[in-house]
$ cat data.pdb   # PDB, C-alpha atoms
MODEL        1
ATOM      1  CA  MET A  17      10.940   8.179  36.097  1.00  0.00           C
ATOM      2  CA  ALA A  18      13.580  10.107  34.161  1.00  0.00           C
ATOM      3  CA  THR A  19      13.906   7.179  31.750  1.00  0.00           C
ATOM      4  CA  ASN A  20      10.139   7.094  31.245  1.00  0.00           C
ATOM      5  CA  GLU A  21      10.050  10.797  30.434  1.00  0.00           C
ATOM      6  CA  ALA A  22      12.970  10.420  28.032  1.00  0.00           C
ATOM      7  CA  VAL A  23      11.106   7.695  26.126  1.00  0.00           C
ATOM      8  CA  ARG A  24       7.932   9.791  25.977  1.00  0.00           C
ATOM      9  CA  THR A  25       9.915  12.810  24.791  1.00  0.00           C
ATOM     10  CA  GLY A  26      11.617  10.758  22.091  1.00  0.00           C
ATOM     11  CA  ILE A  27       8.335   9.332  20.791  1.00  0.00           C
ATOM     12  CA  ARG A  28       6.751  12.785  20.867  1.00  0.00           C
ATOM     13  CA  ALA A  29       9.572  14.220  18.773  1.00  0.00           C
ATOM     14  CA  LEU A  30       9.394  11.316  16.312  1.00  0.00           C
ATOM     15  CA  VAL A  31       5.638  11.678  15.901  1.00  0.00           C
ATOM     16  CA  LYS A  32       5.874  15.430  15.342  1.00  0.00           C
ATOM     17  CA  VAL A  33       8.657  15.094  12.758  1.00  0.00           C
ATOM     18  CA  THR A  34       7.186  12.195  10.780  1.00  0.00           C
ATOM     19  CA  CYS A  35       3.461  12.960  10.998  1.00  0.00           C
ATOM     20  CA  ARG A  36       3.280  16.746  11.538  1.00  0.00           C
ATOM     21  CA  PRO A  37       0.125  16.404  13.645  1.00  0.00           C
ATOM     22  CA  THR A  38      -2.226  19.187  14.643  1.00  0.00           C
ATOM     23  CA  ILE A  39      -2.492  19.034  18.429  1.00  0.00           C
ATOM     24  CA  THR A  40      -4.761  21.410  20.332  1.00  0.00           C
ATOM     25  CA  GLY A  41      -6.204  21.727  23.823  1.00  0.00           C
ATOM     26  CA  LEU A  42      -3.358  20.280  25.884  1.00  0.00           C
ATOM     27  CA  GLU A  43      -3.963  23.061  28.388  1.00  0.00           C
ATOM     28  CA  ASN A  44      -7.202  21.241  29.309  1.00  0.00           C
ATOM     29  CA  VAL A  45      -5.257  18.406  30.965  1.00  0.00           C
ATOM     30  CA  PRO A  46      -5.310  18.971  34.756  1.00  0.00           C
ATOM     31  CA  GLU A  47      -1.938  19.987  36.147  1.00  0.00           C
ATOM     32  CA  SER A  48      -2.288  17.803  39.232  1.00  0.00           C
ATOM     33  CA  GLY A  49      -4.416  15.031  40.680  1.00  0.00           C
ATOM     34  CA  GLY A  50      -5.997  12.010  39.067  1.00  0.00           C
ATOM     35  CA  PHE A  51      -7.858  12.304  35.761  1.00  0.00           C
ATOM     36  CA  ILE A  52      -9.409  10.125  33.068  1.00  0.00           C
ATOM     37  CA  VAL A  53      -8.679  10.490  29.354  1.00  0.00           C
ATOM     38  CA  ALA A  54     -11.627   9.222  27.273  1.00  0.00           C
ATOM     39  CA  SER A  55     -10.885   8.994  23.558  1.00  0.00           C
ATOM     40  CA  ASN A  56     -12.247   7.589  20.328  1.00  0.00           C
ATOM     41  CA  HIS A  57     -10.182   4.721  18.953  1.00  0.00           C
ATOM     42  CA  LEU A  58      -9.058   4.378  15.332  1.00  0.00           C
ATOM     43  CA  SER A  59      -5.571   2.859  15.370  1.00  0.00           C
ATOM     44  CA  PHE A  60      -3.210   0.592  17.270  1.00  0.00           C
ATOM     45  CA  PHE A  61      -0.992   3.664  17.659  1.00  0.00           C
ATOM     46  CA  ASP A  62      -3.627   5.785  19.428  1.00  0.00           C
ATOM     47  CA  SER A  63      -2.465   4.860  22.929  1.00  0.00           C
ATOM     48  CA  VAL A  64       1.213   5.408  22.155  1.00  0.00           C
ATOM     49  CA  ILE A  65       0.410   8.808  20.627  1.00  0.00           C
ATOM     50  CA  LEU A  66      -1.709   9.877  23.586  1.00  0.00           C
ATOM     51  CA  GLN A  67       0.886   8.665  26.082  1.00  0.00           C
ATOM     52  CA  ALA A  68       3.603  10.560  24.236  1.00  0.00           C
ATOM     53  CA  VAL A  69       1.948  13.923  23.596  1.00  0.00           C
ATOM     54  CA  MET A  70      -0.009  14.419  26.815  1.00  0.00           C
ATOM     55  CA  PRO A  71       1.749  16.799  29.245  1.00  0.00           C
ATOM     56  CA  ARG A  72       1.319  14.176  31.983  1.00  0.00           C
ATOM     57  CA  MET A  73       1.707  10.400  31.806  1.00  0.00           C
ATOM     58  CA  VAL A  74      -1.487   8.525  30.991  1.00  0.00           C
ATOM     59  CA  HIS A  75      -1.745   4.818  31.826  1.00  0.00           C
ATOM     60  CA  PHE A  76      -3.450   2.712  29.148  1.00  0.00           C
ATOM     61  CA  PHE A  77      -3.991  -1.022  29.124  1.00  0.00           C
ATOM     62  CA  ALA A  78      -1.949  -3.193  26.773  1.00  0.00           C
ATOM     63  CA  LYS A  79      -2.186  -6.909  26.072  1.00  0.00           C
ATOM     64  CA  ALA A  80      -0.197  -8.903  28.628  1.00  0.00           C
ATOM     65  CA  GLU A  81       1.638 -10.755  25.867  1.00  0.00           C
ATOM     66  CA  TYR A  82       3.400  -7.511  24.922  1.00  0.00           C
ATOM     67  CA  PHE A  83       5.223  -7.806  28.262  1.00  0.00           C
ATOM     68  CA  THR A  84       6.080 -11.502  28.114  1.00  0.00           C
ATOM     69  CA  GLN A  85       7.656 -12.067  24.696  1.00  0.00           C
ATOM     70  CA  PRO A  86      10.951 -13.995  24.868  1.00  0.00           C
ATOM     71  CA  GLY A  87      14.407 -12.829  23.846  1.00  0.00           C
ATOM     72  CA  ILE A  88      15.822  -9.406  23.077  1.00  0.00           C
ATOM     73  CA  LYS A  89      12.736  -8.310  21.131  1.00  0.00           C
ATOM     74  CA  GLY A  90      10.557  -9.189  24.106  1.00  0.00           C
ATOM     75  CA  ALA A  91      12.780  -7.247  26.486  1.00  0.00           C
ATOM     76  CA  VAL A  92      12.646  -4.207  24.218  1.00  0.00           C
ATOM     77  CA  MET A  93       8.843  -4.395  23.941  1.00  0.00           C
ATOM     78  CA  LYS A  94       8.423  -4.719  27.693  1.00  0.00           C
ATOM     79  CA  GLY A  95      10.795  -1.829  28.325  1.00  0.00           C
ATOM     80  CA  PHE A  96       8.944   0.342  25.835  1.00  0.00           C
ATOM     81  CA  PHE A  97       5.440  -0.330  27.181  1.00  0.00           C
ATOM     82  CA  ASP A  98       6.639   0.068  30.776  1.00  0.00           C
ATOM     83  CA  SER A  99       8.225   3.411  29.894  1.00  0.00           C
ATOM     84  CA  VAL A 100       5.090   4.915  28.343  1.00  0.00           C
ATOM     85  CA  GLY A 101       2.941   3.851  31.284  1.00  0.00           C
ATOM     86  CA  SER A 102       1.114   0.871  29.804  1.00  0.00           C
ATOM     87  CA  ILE A 103      -0.568  -1.609  32.142  1.00  0.00           C
ATOM     88  CA  PRO A 104      -0.532  -5.324  31.232  1.00  0.00           C
ATOM     89  CA  VAL A 105      -3.938  -6.995  31.268  1.00  0.00           C
ATOM     90  CA  GLU A 106      -5.012 -10.565  30.597  1.00  0.00           C
ATOM     91  CA  ARG A 107      -7.950 -10.129  28.263  1.00  0.00           C
ATOM     92  CA  SER A 108      -8.965 -13.796  28.145  1.00  0.00           C
ATOM     93  CA  GLU A 109     -10.153 -13.904  31.754  1.00  0.00           C
ATOM     94  CA  LYS A 110     -13.916 -13.574  32.186  1.00  0.00           C
ATOM     95  CA  ALA A 111     -13.596 -11.145  35.095  1.00  0.00           C
ATOM     96  CA  ALA A 112     -10.829  -9.104  33.462  1.00  0.00           C
ATOM     97  CA  SER A 113     -13.046  -6.088  32.752  1.00  0.00           C
ATOM     98  CA  VAL A 114     -14.022  -5.584  36.399  1.00  0.00           C
ATOM     99  CA  ALA A 115     -10.500  -6.153  37.680  1.00  0.00           C
ATOM    100  CA  ALA A 116      -9.141  -3.775  35.039  1.00  0.00           C
ATOM    101  CA  LEU A 117     -11.434  -0.933  36.057  1.00  0.00           C
ATOM    102  CA  GLU A 118     -10.486  -1.455  39.695  1.00  0.00           C
ATOM    103  CA  GLN A 119      -6.836  -1.259  38.650  1.00  0.00           C
ATOM    104  CA  LEU A 120      -7.480   2.019  36.835  1.00  0.00           C
ATOM    105  CA  MET A 121      -9.229   3.296  39.936  1.00  0.00           C
ATOM    106  CA  GLY A 122      -6.076   2.602  41.929  1.00  0.00           C
ATOM    107  CA  HIS A 123      -3.951   4.682  39.571  1.00  0.00           C
ATOM    108  CA  VAL A 124      -6.460   7.541  39.735  1.00  0.00           C
ATOM    109  CA  ALA A 125      -6.504   7.398  43.531  1.00  0.00           C
ATOM    110  CA  ALA A 126      -2.718   7.725  43.449  1.00  0.00           C
ATOM    111  CA  GLY A 127      -3.084  10.978  41.497  1.00  0.00           C
ATOM    112  CA  SER A 128      -2.223   9.614  38.049  1.00  0.00           C
ATOM    113  CA  GLY A 129      -3.883   9.885  34.669  1.00  0.00           C
ATOM    114  CA  VAL A 130      -5.548   6.856  33.084  1.00  0.00           C
ATOM    115  CA  GLY A 131      -6.865   6.331  29.580  1.00  0.00           C
ATOM    116  CA  ILE A 132      -9.932   4.464  28.391  1.00  0.00           C
ATOM    117  CA  TYR A 133     -11.638   3.900  25.051  1.00  0.00           C
ATOM    118  CA  PRO A 134     -15.391   3.873  25.779  1.00  0.00           C
ATOM    119  CA  GLU A 135     -16.063   2.106  22.454  1.00  0.00           C
ATOM    120  CA  GLY A 136     -14.052  -0.843  23.787  1.00  0.00           C
ATOM    121  CA  THR A 137     -12.221  -1.631  20.565  1.00  0.00           C
ATOM    122  CA  ARG A 138     -11.029   0.123  17.421  1.00  0.00           C
ATOM    123  CA  SER A 139     -13.564   1.448  14.940  1.00  0.00           C
ATOM    124  CA  ARG A 140     -12.973  -0.356  11.655  1.00  0.00           C
ATOM    125  CA  ASP A 141     -15.287   1.835   9.590  1.00  0.00           C
ATOM    126  CA  GLY A 142     -14.498   5.255  11.046  1.00  0.00           C
ATOM    127  CA  ARG A 143     -17.795   5.689  12.874  1.00  0.00           C
ATOM    128  CA  LEU A 144     -18.037   6.488  16.576  1.00  0.00           C
ATOM    129  CA  TYR A 145     -19.819   3.627  18.326  1.00  0.00           C
ATOM    130  CA  LYS A 146     -21.900   3.680  21.490  1.00  0.00           C
ATOM    131  CA  GLY A 147     -19.897   4.003  24.664  1.00  0.00           C
ATOM    132  CA  ARG A 148     -19.866   1.131  27.126  1.00  0.00           C
ATOM    133  CA  THR A 149     -20.664   2.287  30.620  1.00  0.00           C
ATOM    134  CA  GLY A 150     -17.348   1.314  32.184  1.00  0.00           C
ATOM    135  CA  VAL A 151     -16.144   4.866  31.577  1.00  0.00           C
ATOM    136  CA  GLY A 152     -19.239   6.232  33.355  1.00  0.00           C
ATOM    137  CA  TRP A 153     -18.652   3.861  36.269  1.00  0.00           C
ATOM    138  CA  LEU A 154     -15.029   4.985  36.574  1.00  0.00           C
ATOM    139  CA  ALA A 155     -15.987   8.673  36.424  1.00  0.00           C
ATOM    140  CA  LEU A 156     -18.656   8.345  39.121  1.00  0.00           C
ATOM    141  CA  ALA A 157     -16.618   5.968  41.275  1.00  0.00           C
ATOM    142  CA  THR A 158     -13.616   8.316  41.415  1.00  0.00           C
ATOM    143  CA  GLY A 159     -15.121  11.787  40.967  1.00  0.00           C
ATOM    144  CA  VAL A 160     -12.056  12.952  39.012  1.00  0.00           C
ATOM    145  CA  PRO A 161     -12.239  15.054  35.809  1.00  0.00           C
ATOM    146  CA  VAL A 162     -12.841  13.251  32.526  1.00  0.00           C
ATOM    147  CA  VAL A 163     -10.806  14.733  29.671  1.00  0.00           C
ATOM    148  CA  PRO A 164     -12.449  13.981  26.283  1.00  0.00           C
ATOM    149  CA  VAL A 165     -10.184  13.526  23.264  1.00  0.00           C
ATOM    150  CA  GLY A 166     -10.998  13.455  19.572  1.00  0.00           C
ATOM    151  CA  LEU A 167      -8.543  11.773  17.198  1.00  0.00           C
ATOM    152  CA  ARG A 168      -8.824  12.221  13.449  1.00  0.00           C
ATOM    153  CA  GLY A 169      -6.739  10.501  10.794  1.00  0.00           C
ATOM    154  CA  THR A 170      -4.790   8.077  12.988  1.00  0.00           C
ATOM    155  CA  GLU A 171      -6.300   5.110  11.125  1.00  0.00           C
ATOM    156  CA  ARG A 172      -4.000   6.027   8.228  1.00  0.00           C
ATOM    157  CA  LEU A 173      -0.949   5.290  10.376  1.00  0.00           C
ATOM    158  CA  GLN A 174      -1.628   1.581  10.015  1.00  0.00           C
ATOM    159  CA  PRO A 175      -3.703   0.746   6.916  1.00  0.00           C
ATOM    160  CA  PRO A 176      -6.017  -2.294   7.124  1.00  0.00           C
ATOM    161  CA  GLY A 177      -4.101  -5.551   6.745  1.00  0.00           C
ATOM    162  CA  SER A 178      -0.751  -3.931   7.495  1.00  0.00           C
ATOM    163  CA  ASN A 179       1.453  -4.227  10.575  1.00  0.00           C
ATOM    164  CA  ARG A 180       3.681  -1.343   9.536  1.00  0.00           C
ATOM    165  CA  PHE A 181       3.705   2.259  10.672  1.00  0.00           C
ATOM    166  CA  THR A 182       2.932   4.647   7.806  1.00  0.00           C
ATOM    167  CA  PRO A 183       3.618   8.327   8.622  1.00  0.00           C
ATOM    168  CA  HIS A 184       0.614  10.535   7.910  1.00  0.00           C
ATOM    169  CA  ARG A 185      -0.832  13.772   9.228  1.00  0.00           C
ATOM    170  CA  PHE A 186      -3.497  13.493  11.911  1.00  0.00           C
ATOM    171  CA  SER A 187      -5.130  15.695  14.514  1.00  0.00           C
ATOM    172  CA  LEU A 188      -5.612  15.331  18.254  1.00  0.00           C
ATOM    173  CA  THR A 189      -8.003  17.652  20.063  1.00  0.00           C
ATOM    174  CA  VAL A 190      -8.334  17.727  23.840  1.00  0.00           C
ATOM    175  CA  GLY A 191     -11.632  19.089  25.124  1.00  0.00           C
ATOM    176  CA  GLU A 192     -12.524  20.807  28.363  1.00  0.00           C
ATOM    177  CA  PRO A 193     -12.719  18.437  31.344  1.00  0.00           C
ATOM    178  CA  LEU A 194     -16.093  17.031  32.331  1.00  0.00           C
ATOM    179  CA  GLN A 195     -16.870  16.840  36.031  1.00  0.00           C
ATOM    180  CA  PHE A 196     -19.330  14.356  37.506  1.00  0.00           C
ATOM    181  CA  ASP A 197     -20.629  13.702  41.003  1.00  0.00           C
ATOM    182  CA  HIS A 198     -18.492  11.435  43.155  1.00  0.00           C
ATOM    183  CA  LEU A 199     -20.943   8.631  43.899  1.00  0.00           C
ATOM    184  CA  GLY A 200     -18.477   5.900  44.826  1.00  0.00           C
ATOM    185  CA  THR A 201     -18.367   2.362  43.464  1.00  0.00           C
ATOM    186  CA  LYS A 202     -21.946   1.455  44.454  1.00  0.00           C
ATOM    187  CA  HIS A 203     -24.170   3.677  42.340  1.00  0.00           C
ATOM    188  CA  PRO A 204     -27.250   3.003  40.188  1.00  0.00           C
ATOM    189  CA  LEU A 205     -27.135   2.394  36.465  1.00  0.00           C
ATOM    190  CA  PRO A 206     -29.064   5.482  35.234  1.00  0.00           C
ATOM    191  CA  PRO A 207     -26.454   8.098  36.280  1.00  0.00           C
ATOM    192  CA  ARG A 208     -23.733   5.829  34.878  1.00  0.00           C
ATOM    193  CA  ARG A 209     -25.491   5.731  31.525  1.00  0.00           C
ATOM    194  CA  GLN A 210     -26.055   9.486  31.623  1.00  0.00           C
ATOM    195  CA  ALA A 211     -22.382  10.166  32.352  1.00  0.00           C
ATOM    196  CA  THR A 212     -21.321   7.819  29.558  1.00  0.00           C
ATOM    197  CA  GLY A 213     -23.661   9.599  27.139  1.00  0.00           C
ATOM    198  CA  GLN A 214     -22.221  12.996  28.029  1.00  0.00           C
ATOM    199  CA  ILE A 215     -18.688  11.712  27.544  1.00  0.00           C
ATOM    200  CA  MET A 216     -19.508  10.230  24.137  1.00  0.00           C
ATOM    201  CA  ASP A 217     -21.203  13.475  23.061  1.00  0.00           C
ATOM    202  CA  ALA A 218     -18.044  15.401  23.980  1.00  0.00           C
ATOM    203  CA  ILE A 219     -15.834  12.953  22.063  1.00  0.00           C
ATOM    204  CA  ALA A 220     -18.123  13.164  19.020  1.00  0.00           C
ATOM    205  CA  ALA A 221     -17.946  16.962  19.010  1.00  0.00           C
ATOM    206  CA  LEU A 222     -14.143  16.767  18.944  1.00  0.00           C
ATOM    207  CA  SER A 223     -13.710  13.894  16.470  1.00  0.00           C
ATOM    208  CA  GLU A 224     -16.556  14.933  14.140  1.00  0.00           C
ATOM    209  CA  GLN A 225     -17.282  11.281  13.407  1.00  0.00           C
ATOM    210  CA  GLU A 226     -20.554   9.850  12.203  1.00  0.00           C
ATOM    211  CA  ARG A 227     -22.351   8.282  15.176  1.00  0.00           C
ATOM    212  CA  ALA A 228     -23.259   4.592  15.150  1.00  0.00           C
ATOM    213  CA  THR A 229     -26.351   3.420  17.041  1.00  0.00           C
ATOM    214  CA  THR A 230     -24.823   0.108  18.112  1.00  0.00           C
ATOM    215  CA  TYR A 231     -21.902  -1.120  20.196  1.00  0.00           C
ATOM    216  CA  ASN A 232     -18.678  -1.931  18.407  1.00  0.00           C
ATOM    217  CA  GLU A 233     -17.779  -5.610  18.399  1.00  0.00           C
ATOM    218  CA  PRO A 234     -14.175  -6.800  18.004  1.00  0.00           C
ATOM    219  CA  VAL A 235     -13.007  -8.523  14.866  1.00  0.00           C
ATOM    220  CA  SER A 236     -11.918 -12.127  15.493  1.00  0.00           C
ATOM    221  CA  GLY A 237      -8.342 -12.092  16.750  1.00  0.00           C
ATOM    222  CA  HIS A 238      -8.530  -8.437  17.784  1.00  0.00           C
ATOM    223  CA  SER A 239     -10.644  -8.613  20.908  1.00  0.00           C
ATOM    224  CA  SER A 240     -10.287  -5.803  23.398  1.00  0.00           C
ATOM    225  CA  GLY A 241     -11.816  -7.842  26.214  1.00  0.00           C
ATOM    226  CA  GLY A 242     -14.867  -7.209  28.360  1.00  0.00           C
ATOM    227  CA  GLN A 243     -17.045  -6.384  25.397  1.00  0.00           C
ATOM    228  CA  ALA A 244     -20.265  -7.950  26.585  1.00  0.00           C
ATOM    229  CA  GLY A 245     -20.704  -6.069  29.852  1.00  0.00           C
ATOM    230  CA  GLN A 246     -20.804  -2.584  31.247  1.00  0.00           C
ATOM    231  CA  ASN A 247     -17.063  -2.531  31.986  1.00  0.00           C
ATOM    232  CA  PRO A 248     -14.883  -2.609  28.883  1.00  0.00           C
ATOM    233  CA  THR A 249     -11.190  -3.482  29.080  1.00  0.00           C
ATOM    234  CA  PRO A 250      -9.875  -1.464  26.117  1.00  0.00           C
ATOM    235  CA  THR A 251      -6.264  -2.203  25.267  1.00  0.00           C
ATOM    236  CA  GLN A 252      -3.596  -1.420  22.752  1.00  0.00           C
ATOM    237  CA  ASP A 253      -4.647  -4.035  20.220  1.00  0.00           C
TER     238      ASP A 253
ENDMDL
END
$ encode --input "data.pdb" --output "structure tokens"
Amino acid sequence: MATNEAVRTGIRALVKVTCRPTITGLENVPESGGFIVASNHLSFFDSVILQAVMPRMVHFFAKAEYFTQPGIKGAVMKGFFDSVGSIPVERSEKAASVAALEQLMGHVAAGSGVGIYPEGTRSRDGRLYKGRTGVGWLALATGVPVVPVGLRGTERLQPPGSNRFTPHRFSLTVGEPLQFDHLGTKHPLPPRRQATGQIMDAIAALSEQERATTYNEPVSGHSSGGQAGQNPTPTQD
């Protein structure tokens, strides 16, 4: 645990020095108990940034191959993603989205924070796409607070076609927690859709993005898994 916090602290310091971000609303993160962070998604680095700057650890999904690379580089990658609280997920499995949400539910039940991108995959044009109802299911199934987050400018940290980190200023705004009824895992679709809509409205108010009227679909080779159903499996992609 001490090692994990040291890694998060180091990344937080690096981000603040190199990018000089504007970060507001961290006081809205619950001090105890499980919670869900629901954020827009613009960059590969979004999860790492959120995991580093949040006052409590937030578990995000990451592609399983990040944990299984061979050699020294693979060991370093696995150690890094383990330290920031990432959860490996096999995105090629048809049932991965359902299993992933159940895994998130387990972390929440244990009193931890989990992160989810309701859009399912990164926005390539800067617009905020419709939210898939997996986030609504998780909110109603657990009854824990949903903390909306709006990121602005993180897409500049990795320009299109580049695999390199490019320091640039960005902003991260944490909104007031949203509380929904605790309906358990077996609940009807309408309240799930309503909860998802409220969450997306809160994210939009924080990110100030143009709203898209469609779902975001992954670019070939950059799938975030579970895109066709109600339960997205958003990962660090």
$ closest_residue --input "data.pdb" --among "A:Thr25, A:Asn232, A:Gln174, A:Asn44" --to "Gln67 (chain A)" --atoms "only C-alpha atoms"
A:Thr25
$ closest_residue --input "data.pdb" --among "A:Val64, A:Ala221, A:Ala126, A:Val160" --to "His198 (chain A)" --atoms "all atoms listed in the file"
A:Val160
$ atom_distance --input "data.pdb" --atom1 "CA of His123 (chain A)" --atom2 "CA of Phe77 (chain A)"
11.9 Å
$ closest_residue --input "data.pdb" --among "A:Met70, A:Val130, A:Val190, A:Val23" --to "Thr40 (chain A)" --atoms "only C-alpha atoms"
A:Val190
$ residues_around --input "data.pdb" --residues "Arg227 (chain A)" --least-positions-apart "3" --cutoff "9 Å" --atoms "only C-alpha atoms" --output "ChimeraX atom specification"
/A:143-146,220,224
$ write_last_selection --input "data.pdb" --atoms "C-alpha atoms" --output "PDB file, in the coordinates of the input"
ATOM      1  CA  ARG A 143     -17.795   5.689  12.874  1.00  0.00           C
ATOM      2  CA  LEU A 144     -18.037   6.488  16.576  1.00  0.00           C
ATOM      3  CA  TYR A 145     -19.819   3.627  18.326  1.00  0.00           C
ATOM      4  CA  LYS A 146     -21.900   3.680  21.490  1.00  0.00           C
ATOM      5  CA  ALA A 220     -18.123  13.164  19.020  1.00  0.00           C
ATOM      6  CA  GLU A 224     -16.556  14.933  14.140  1.00  0.00           C
TER       7      GLU A 224
END
$ atom_distance --input "data.pdb" --atom1 "CA of Asn179 (chain A)" --atom2 "CA of Ala115 (chain A)"
29.7 Å
$ closest_residue --input "data.pdb" --among "A:Val105, A:Val45, A:Ala218, A:Cys35" --to "Pro71 (chain A)" --atoms "all atoms listed in the file"
A:Val45
$ residues_near_point --input "data.pdb" --point "(-6.5, 6.2, 32.2)" --cutoff "12 Å" --atoms "all atoms listed in the file" --output "count of residues only"
52
$ closest_residue --input "data.pdb" --among "A:Asp217, A:Asp62, A:Glu192, A:Glu226" --to "Arg172 (chain A)" --atoms "all atoms listed in the file"
A:Asp62
$ atom_distance --input "data.pdb" --atom1 "CA of Lys32 (chain A)" --atom2 "CA of Thr182 (chain A)"
13.5 Å
$ residues_around --input "data.pdb" --residues "Arg185 (chain A)" --least-positions-apart "3" --cutoff "9 Å" --atoms "only C-alpha atoms" --output "list in words"
Thr34, Cys35, Arg36, Pro37, Thr38, Gly169, Thr170, Arg172 and Leu173 of chain A
$ residues_around --input "data.pdb" --residues "Val69 (chain A)" --least-positions-apart "5" --cutoff "9 Å" --atoms "only C-alpha atoms" --output "PyMOL selection string"
chain A and resi 24-25+27-28+31+39+42+64
$ closest_residue --input "data.pdb" --among "A:Arg168, A:Asn20, A:Asp197, A:Gln214" --to "His184 (chain A)" --atoms "all atoms listed in the file"
A:Arg168
